[in-house]
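Raw start_32.cif, mmCIF, C-alpha atoms:
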```cif
data_start
loop_
_atom_site.label_atom_id
_atom_site.label_comp_id
_atom_site.auth_asym_id
_atom_site.auth_seq_id
_atom_site.Cartn_x
_atom_site.Cartn_y
_atom_site.Cartn_z
CA MET O 689 148.46 46.95 -17.61
CA SER O 690 149.30 50.05 -19.47
CA LYS O 691 148.52 52.11 -16.44
CA PHE O 692 151.26 50.49 -14.41
CA LYS O 693 153.80 50.94 -17.10
CA LYS O 694 153.13 54.62 -17.26
CA LYS O 695 153.80 54.97 -13.58
CA LYS O 696 157.09 53.21 -13.83
CA ALA O 697 158.22 55.71 -16.33
CA VAL O 698 157.67 58.57 -13.90
CA GLY O 699 159.18 56.60 -11.00
CA SER O 700 162.69 57.85 -11.43
CA GLN O 701 161.73 60.91 -9.37
CA GLU O 702 163.25 61.10 -5.90
CA ILE O 703 161.26 61.77 -2.73
CA SER O 704 162.08 65.24 -1.54
CA THR O 705 164.06 64.99 1.69
CA ALA O 706 164.01 68.71 2.20
CA SER O 707 161.40 68.45 4.97
CA LEU O 708 163.13 65.62 6.77
CA PRO O 709 165.45 67.85 8.83
CA ASP O 710 162.47 69.93 9.86
CA ILE O 711 160.64 66.88 11.10
CA VAL O 712 163.65 65.68 13.01
CA PHE O 713 164.25 69.11 14.51
CA MET O 714 160.67 69.15 15.62
CA LEU O 715 161.20 65.84 17.37
CA LEU O 716 164.37 67.18 18.90
CA PHE O 717 162.63 70.22 20.31
CA PHE O 718 159.81 68.07 21.57
CA PHE O 719 162.21 65.95 23.54
CA MET O 720 164.17 68.93 24.76
CA VAL O 721 161.01 70.46 26.14
CA THR O 722 159.39 67.40 27.65
CA THR O 723 162.28 65.64 29.31
CA THR O 724 163.21 67.38 32.48
CA LEU O 725 166.77 68.00 33.27
CA ARG O 726 166.84 67.82 37.03
CA GLU O 727 165.83 71.18 38.40
CA THR O 728 167.09 70.92 41.93
CA THR O 729 170.61 69.94 42.71
CA ILE O 730 170.47 67.45 45.48
CA ASN O 731 172.78 68.27 48.34
CA VAL O 732 172.14 65.16 50.35
CA MET O 733 173.29 61.64 49.71
CA GLN O 734 170.57 59.62 48.12
CA LYS O 735 170.58 55.88 48.05
CA LEU O 736 166.96 54.88 47.85
CA PRO O 737 165.77 51.64 49.43
CA GLY O 738 164.50 48.83 47.25
CA ALA O 739 160.96 47.51 47.29
CA THR O 740 158.97 45.07 45.22
CA GLU O 741 155.49 46.54 45.46
CA VAL O 742 156.28 49.95 44.01
CA LYS O 743 153.85 51.97 41.96
CA LYS O 744 154.64 54.63 39.43
CA LEU O 745 154.19 58.21 40.54
CA GLU O 746 151.75 59.89 38.21
CA ARG O 747 151.38 63.58 37.38
CA LYS O 748 154.71 65.06 38.29
CA SER O 749 153.36 68.59 38.47
CA LEU O 750 151.37 67.58 41.52
CA VAL O 751 154.30 66.10 43.38
CA SER O 752 156.49 67.96 45.82
CA TYR O 753 159.69 66.44 47.02
CA ILE O 754 161.36 66.27 50.40
CA TYR O 755 164.91 64.97 50.35
CA ILE O 756 166.43 63.53 53.49
CA GLY O 757 169.90 62.15 53.94
CA LYS O 758 173.43 62.89 55.01
CA PRO O 759 174.83 66.09 53.48
CA ARG O 760 177.17 65.52 50.58
CA GLN O 761 180.91 65.55 51.16
CA ASN O 762 181.41 69.23 50.28
CA PHE O 763 178.64 70.30 52.67
CA GLN O 764 179.76 68.22 55.58
CA THR O 765 182.06 70.85 57.05
CA LEU O 766 179.14 73.26 57.16
CA TYR O 767 176.23 70.99 58.01
CA GLY O 768 177.80 67.96 59.66
CA THR O 769 177.14 64.33 58.91
CA GLU O 770 173.78 63.87 60.57
CA PRO O 771 170.88 63.40 58.14
CA ARG O 772 169.35 66.68 57.05
CA ILE O 773 166.21 67.75 55.24
CA GLN O 774 166.42 69.46 51.89
CA LEU O 775 163.54 71.41 50.40
CA ASN O 776 163.98 72.86 46.93
CA ASP O 777 167.63 73.84 46.74
CA ALA O 778 168.47 74.47 50.35
CA PHE O 779 168.80 72.67 53.63
CA ALA O 780 165.83 73.22 55.88
CA LYS O 781 164.60 72.67 59.37
CA ILE O 782 161.64 70.58 60.45
CA GLU O 783 159.57 73.72 61.03
CA ASP O 784 160.04 74.84 57.44
CA ILE O 785 158.10 71.89 56.07
CA ARG O 786 154.73 73.36 56.83
CA ASN O 787 155.48 76.55 54.93
CA TYR O 788 156.92 74.53 52.09
CA VAL O 789 153.77 72.45 51.81
CA ILE O 790 151.62 75.57 51.89
CA SER O 791 153.65 77.26 49.17
CA GLU O 792 153.50 74.11 47.04
CA ARG O 793 149.78 74.03 47.54
CA GLU O 794 149.46 77.62 46.42
CA LYS O 795 151.11 76.76 43.12
CA VAL O 796 148.49 74.34 41.90
CA ASP O 797 144.93 74.83 40.82
CA GLU O 798 142.31 74.78 43.55
CA ASN O 799 140.45 71.70 42.35
CA GLU O 800 143.64 69.71 41.99
CA ARG O 801 144.90 70.31 45.50
CA THR O 802 143.49 67.07 46.83
CA PHE O 803 145.73 65.13 44.45
CA LEU O 804 148.90 66.72 45.77
CA THR O 805 151.41 64.10 46.78
CA THR O 806 154.52 64.53 48.84
CA SER O 807 157.31 62.27 47.77
CA LEU O 808 159.79 61.41 50.50
CA LYS O 809 163.16 60.71 48.96
CA VAL O 810 165.04 59.34 51.88
CA ASP O 811 168.44 57.75 52.04
CA LYS O 812 168.14 54.19 53.24
CA ASP O 813 170.63 54.61 56.09
CA THR O 814 168.58 57.34 57.72
CA LYS O 815 167.06 56.62 61.11
CA MET O 816 163.29 56.76 61.45
CA GLY O 817 163.36 59.53 64.05
CA ILE O 818 163.68 62.35 61.54
CA ILE O 819 161.14 60.72 59.23
CA ILE O 820 158.62 60.42 62.05
CA ASP O 821 159.07 64.12 62.74
CA VAL O 822 158.59 64.94 59.07
CA LYS O 823 155.46 62.80 58.91
CA GLN O 824 154.02 64.51 61.99
CA GLU O 825 154.73 67.86 60.38
CA LEU O 826 153.02 66.75 57.16
CA ARG O 827 150.01 65.63 59.14
CA LYS O 828 149.83 69.04 60.77
CA ALA O 829 149.98 70.64 57.33
CA SER O 830 147.32 68.11 56.23
CA ALA O 831 149.41 66.87 53.34
CA LEU O 832 148.30 63.31 53.85
CA LYS O 833 149.13 61.69 50.54
CA ILE O 834 152.71 60.59 50.68
CA ASN O 835 154.94 58.35 48.69
CA TYR O 836 158.01 56.59 49.98
CA SER O 837 160.28 56.81 46.99
CA SER O 838 162.01 53.51 46.35
CA ARG O 839 163.63 51.58 43.56
CA LYS O 840 161.92 48.62 41.97
CA VAL O 841 163.72 45.42 42.79
CA SER O 842 162.67 41.86 42.11
CA GLN O 843 163.40 40.73 45.64
CA ILE O 844 164.24 42.49 48.87
CA GLU O 845 167.82 42.03 49.88
CA ASP O 846 169.67 42.25 53.18
CA MET C 396 183.44 76.78 -11.11
CA PRO C 397 180.02 76.60 -12.66
CA ARG C 398 177.08 76.77 -10.33
CA ARG C 399 174.82 73.80 -10.24
CA PRO C 400 171.53 74.28 -11.91
CA GLY C 401 168.74 75.14 -9.52
CA GLY C 402 171.18 76.34 -6.88
CA THR C 403 169.82 74.17 -4.04
CA PHE C 404 172.27 73.09 -1.43
CA ASN C 405 172.39 69.49 -0.43
CA ALA C 406 170.14 69.13 2.59
CA ALA C 407 170.62 65.41 2.99
CA SER C 408 173.15 65.77 5.78
CA THR C 409 171.07 68.18 7.86
CA ALA C 410 168.75 65.34 8.64
CA ASP C 411 171.67 63.27 9.85
CA ILE C 412 172.94 66.08 12.02
CA ALA C 413 169.51 66.58 13.52
CA PHE C 414 169.17 62.87 14.13
CA LEU C 415 172.50 62.87 15.88
CA LEU C 416 171.37 65.69 18.16
CA LEU C 417 168.09 63.95 18.78
CA ILE C 418 169.78 60.73 19.80
CA PHE C 419 172.18 62.68 22.00
CA PHE C 420 169.27 64.24 23.87
CA LEU C 421 167.42 60.96 24.11
CA VAL C 422 170.42 59.36 25.73
CA THR C 423 171.51 62.11 28.09
CA THR C 424 168.24 63.43 29.51
CA THR C 425 166.65 61.02 31.89
CA MET C 426 162.90 60.77 31.97
CA ASP C 427 163.49 59.41 35.41
CA VAL C 428 160.41 57.52 36.44
CA ASP C 429 159.55 57.98 40.05
CA THR C 430 158.43 54.85 41.78
CA GLY C 431 157.57 54.28 45.38
CA LEU C 432 155.17 53.00 47.97
CA ALA C 433 152.10 55.20 48.20
CA ARG C 434 150.62 55.66 51.66
CA LYS C 435 148.07 57.86 53.31
CA LEU C 436 148.75 59.47 56.63
CA PRO C 437 145.97 59.62 59.19
CA PRO C 438 144.63 63.11 59.83
CA ILE C 439 145.50 64.70 63.11
CA VAL C 440 142.99 63.98 65.82
CA GLN C 441 141.63 67.03 67.56
CA GLY C 442 140.91 66.67 71.22
CA PRO C 443 140.82 63.40 73.18
CA GLU C 444 140.84 60.25 71.14
CA ASP C 445 137.74 58.19 70.73
CA VAL C 446 138.13 55.11 72.91
CA SER C 447 134.62 53.75 72.44
CA SER C 448 135.70 51.34 69.76
CA VAL C 449 137.95 48.89 71.51
CA ILE C 450 139.55 46.44 69.16
CA LYS C 451 139.81 42.83 70.22
CA GLU C 452 143.25 41.37 70.62
CA ARG C 453 142.72 38.66 68.06
CA ASN C 454 141.91 41.26 65.42
CA VAL C 455 145.23 43.04 65.70
CA PHE C 456 148.46 41.90 64.12
CA VAL C 457 151.18 43.67 66.01
CA VAL C 458 154.45 44.29 64.22
CA LEU C 459 157.17 45.93 66.26
CA VAL C 460 160.55 46.99 64.94
CA ASN C 461 163.25 47.99 67.38
CA ALA C 462 166.28 50.21 67.04
CA LYS C 463 168.41 47.25 66.00
CA ASP C 464 166.09 46.48 63.10
CA GLN C 465 164.74 43.35 64.75
CA LEU C 466 161.15 42.30 64.23
CA LEU C 467 158.73 41.25 66.90
CA VAL C 468 155.51 39.93 65.40
CA GLU C 469 152.64 38.99 67.70
CA GLY C 470 155.04 38.66 70.59
CA LYS C 471 157.66 36.50 68.95
CA PRO C 472 160.80 37.44 67.05
CA MET C 473 160.63 36.88 63.33
CA ASN C 474 162.72 37.02 60.21
CA ILE C 475 161.62 39.58 57.61
CA TYR C 476 161.30 36.83 55.01
CA ASN C 477 158.56 35.07 56.98
CA LEU C 478 156.56 38.22 57.56
CA ARG C 479 154.69 38.07 54.26
CA GLU C 480 153.31 34.56 54.79
CA GLU C 481 152.45 35.29 58.39
CA ALA C 482 150.61 38.47 57.43
CA LYS C 483 148.76 36.65 54.68
CA GLU C 484 147.59 33.99 57.07
CA PHE C 485 146.46 36.64 59.51
CA ILE C 486 144.52 38.65 56.95
CA ALA C 487 142.82 35.75 55.22
CA ASN C 488 142.43 33.41 58.22
CA PRO C 489 141.62 30.52 55.88
CA LEU C 490 140.96 27.94 58.59
CA ASP C 491 138.86 30.26 60.79
CA LYS C 492 141.16 29.84 63.73
CA GLU C 493 140.21 31.13 67.13
CA ASP C 494 143.22 33.36 67.59
CA LEU C 495 143.06 34.96 64.15
CA PRO C 496 140.67 37.78 63.22
CA GLU C 497 136.93 37.52 63.23
CA LYS C 498 134.93 37.83 60.05
CA THR C 499 131.73 39.65 59.28
CA MET C 500 129.40 38.89 56.41
CA LYS C 501 129.20 41.70 53.90
CA ASP C 502 127.32 42.10 50.66
CA ILE C 503 129.87 42.77 47.96
CA PRO C 504 129.17 43.22 44.24
CA PHE C 505 130.22 40.26 42.06
CA PHE C 506 130.73 38.10 45.14
CA GLY C 507 127.47 38.28 47.07
CA GLN C 508 127.63 37.52 50.77
CA THR C 509 131.28 37.27 51.65
CA ALA C 510 133.14 36.91 54.89
CA VAL C 511 135.36 39.95 55.41
CA SER C 512 138.10 39.82 57.98
CA LYS C 513 138.19 42.44 60.70
CA GLY C 514 141.95 42.24 60.93
CA ILE C 515 144.08 45.31 61.45
CA ILE C 516 147.83 45.42 61.12
CA SER C 517 149.47 47.61 63.68
CA LEU C 518 152.98 48.71 62.90
CA GLN C 519 155.16 50.39 65.44
CA ASN C 520 158.76 51.32 65.05
CA ASP C 521 161.43 52.95 67.11
CA ARG C 522 163.06 56.26 66.33
CA GLY C 523 166.27 54.33 65.88
CA THR C 524 164.91 51.96 63.25
CA SER C 525 166.60 52.35 59.91
CA TYR C 526 164.53 53.61 57.01
CA GLU C 527 165.58 50.65 54.93
CA MET C 528 164.07 48.23 57.43
CA TYR C 529 160.93 50.31 57.68
CA ILE C 530 160.45 50.21 53.91
CA LYS C 531 161.07 46.46 53.91
CA VAL C 532 158.37 45.91 56.51
CA GLN C 533 155.95 48.21 54.72
CA ASN C 534 156.77 46.42 51.49
CA GLU C 535 156.16 42.96 52.90
CA LEU C 536 152.85 44.00 54.42
CA ALA C 537 151.76 45.60 51.14
CA ALA C 538 152.92 42.47 49.32
CA ALA C 539 150.79 40.29 51.58
CA TYR C 540 147.70 42.27 50.65
CA ASN C 541 148.62 42.39 46.98
CA GLU C 542 149.19 38.65 46.81
CA LEU C 543 145.86 37.90 48.45
CA ARG C 544 144.09 40.28 46.13
CA ASN C 545 145.83 38.81 43.12
CA GLU C 546 144.95 35.27 44.14
CA LEU C 547 141.31 36.16 44.60
CA SER C 548 141.24 38.10 41.36
CA GLN C 549 142.73 35.17 39.44
CA ARG C 550 140.21 32.81 40.95
CA LYS C 551 137.20 34.99 40.31
CA PHE C 552 138.01 36.91 37.15
CA GLY C 553 141.02 35.07 35.73
CA LYS C 554 142.96 38.31 35.59
CA LYS C 555 145.54 40.08 37.66
CA TYR C 556 144.30 42.61 40.20
CA ASP C 557 145.97 45.46 38.35
CA ASP C 558 144.20 44.56 35.10
CA LEU C 559 140.70 44.61 36.55
CA ILE C 560 138.18 47.31 35.79
CA LYS C 561 137.48 49.70 38.60
CA GLU C 562 134.29 48.07 39.93
CA GLN C 563 135.93 44.66 40.15
CA ALA C 564 139.04 46.07 41.77
CA ASP C 565 136.91 47.93 44.30
CA ALA C 566 135.03 44.75 45.15
CA ILE C 567 138.26 42.91 45.82
CA ALA C 568 139.63 45.81 47.82
CA ASP C 569 136.45 45.60 49.92
CA ILE C 570 137.12 41.97 50.71
CA TYR C 571 140.75 42.60 51.59
CA PRO C 572 140.84 46.18 52.83
CA GLN C 573 144.35 47.35 53.42
CA ILE C 574 144.40 48.58 56.98
CA ILE C 575 147.86 49.29 58.30
CA SER C 576 147.80 51.41 61.38
CA GLU C 577 150.94 53.12 62.51
CA ALA C 578 151.05 53.73 66.20
CA GLU C 579 152.50 56.91 67.58
CA PRO C 580 156.25 56.40 67.63
CA LYS C 581 158.06 55.53 70.80
CA ASN C 582 161.57 56.34 71.78
CA ILE C 583 162.88 53.33 73.64
CA GLY C 584 166.17 52.47 72.07
CA GLY C 585 167.60 55.95 72.37
CA LYS C 586 169.05 57.64 69.33
#
```

Translate the structure described by the file into structure tokens.
Amino acid sequence: MSKFKKKKAVGSQEISTASLPDIVFMLLFFFMVTTTLRETTINVMQKLPGATEVKKLERKSLVSYIYIGKPRQNFQTLYGTEPRIQLNDAFAKIEDIRNYVISEREKVDENERTFLTTSLKVDKDTKMGIIIDVKQELRKASALKINYSSRKVSQIED
Amino acid sequence: MPRRPGGTFNAASTADIAFLLLIFFLVTTTMDVDTGLARKLPPIVQGPEDVSSVIKERNVFVVLVNAKDQLLVEGKPMNIYNLREEAKEFIANPLDKEDLPEKTMKDIPFFGQTAVSKGIISLQNDRGTSYEMYIKVQNELAAAYNELRNELSQRKFGKKYDDLIKEQADAIADIYPQIISEAEPKNIGGK
């Protein structure tokens, strides 16, 4: 019993909170580094279609994106209202896709190249014509793993 | 004013400030999770196509989508909401009907000799089809396969397909192989 009593006597000491800010700052920096603020500004309208059978896209470093949709309002005077392709930050033509895929492939390690996925972020009002062309181009560039980006919904709607 | 003994400044509020910043960053930055339907494109065929393997009519489930987003399944118009059930019946062919795909016996781990359907889903769309419709059709076809796989997995292992270990999942994928063939696009409906 006496042992416990002794401890109580010393118990008035406070826990030092001096390191607490450091811990929290560390957390803060961790989150600042890991969460990605969107790198590319998207110049095309993006309203992704909904699907129920979606899967999560793993390993973001191995994913390259192709955005397709109508140009945003402030680009419409320059690029019109027909759906356009955007690679990185700029509008591109169908023929540019092959070079884009090759340059994306160059960026990753040789033994990881087979895992490269191309994510097609396409506005849901786009017609299939342009997507068919893009897919043909991807086949020519032998980037065969693709992912139709879509939102998770519980049921498909009209 | 007399200085406090020890001369330490009160660090209690720094933690609060840092917490505030932390919460701000947690709220504003989006760890936006990318979801989507994963597919594999067929490699480009060099030279003339191999026509030696002719596929029987009963083994093909033809899904056509026109420029007005209307479905034609096996020659008759269909609502998108019925596509899943229809595809499921085609793939599984539970009553061994004459006009639905043939089956071959295959030796599959965990299951032994199992009848595997030879069915192929052929999807063809117009250049004028909307992307939304295309995704819906793809989604329903994928859902048909996933539901069949889940049902079988529940019956055999009492677990969902996604929760199975790799060998079990592979066995089920062997019984219900997901074969969706996309024909070369046609341009019928104009732009």

query = Any idea what the distance is between atom CA of O:Ile711 and atom CA of C:Ile412?
reply =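 Pair atom CA of O:Ile711 / atom CA of C:Ile412 returns 12.4 Å.
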
ask   = Given the choices C:Ser512, C:Ser517, C:Gln533, C:Thr430, which gets closest to chain O if the distance is worked out from all atoms listed in the file?
value =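 Of C:Ser512, C:Ser517, C:Gln533, C:Thr430, the one nearest chain O, counting all atoms listed in the file, is C:Thr430.
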
request  = Using only C-alpha atoms, pick whichever of O:Thr722, O:Gln774, O:Ser707, O:Asn835 has the shortest atom-to-atom distance to chain C.
outcome  =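 Once distances to chain C are computed over only C-alpha atoms, the minimum belongs to O:Asn835.
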
task = Record the distance separating atom CA of C:Val468 and atom CA of O:Pro737, expressed in Å with one decimal.
result = 22.3 Å

query = Expanded to explicit residues, what is the PyMOL selection byres ((chain O) within 9 of (chain C)) for this file, as number ranges by chain?
reply = O: 705-713, 715-717, 719-720, 722-726, 736-746, 748, 807, 810-820, 823-824, 826-828, 830-840, 844

key: Two-atom distance - atom CA of C:Leu518, atom CA of C:Glu577 (Å)   =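 Taking atom CA of C:Leu518 as the start and atom CA of C:Glu577 as the end point, the length is 4.9 Å.
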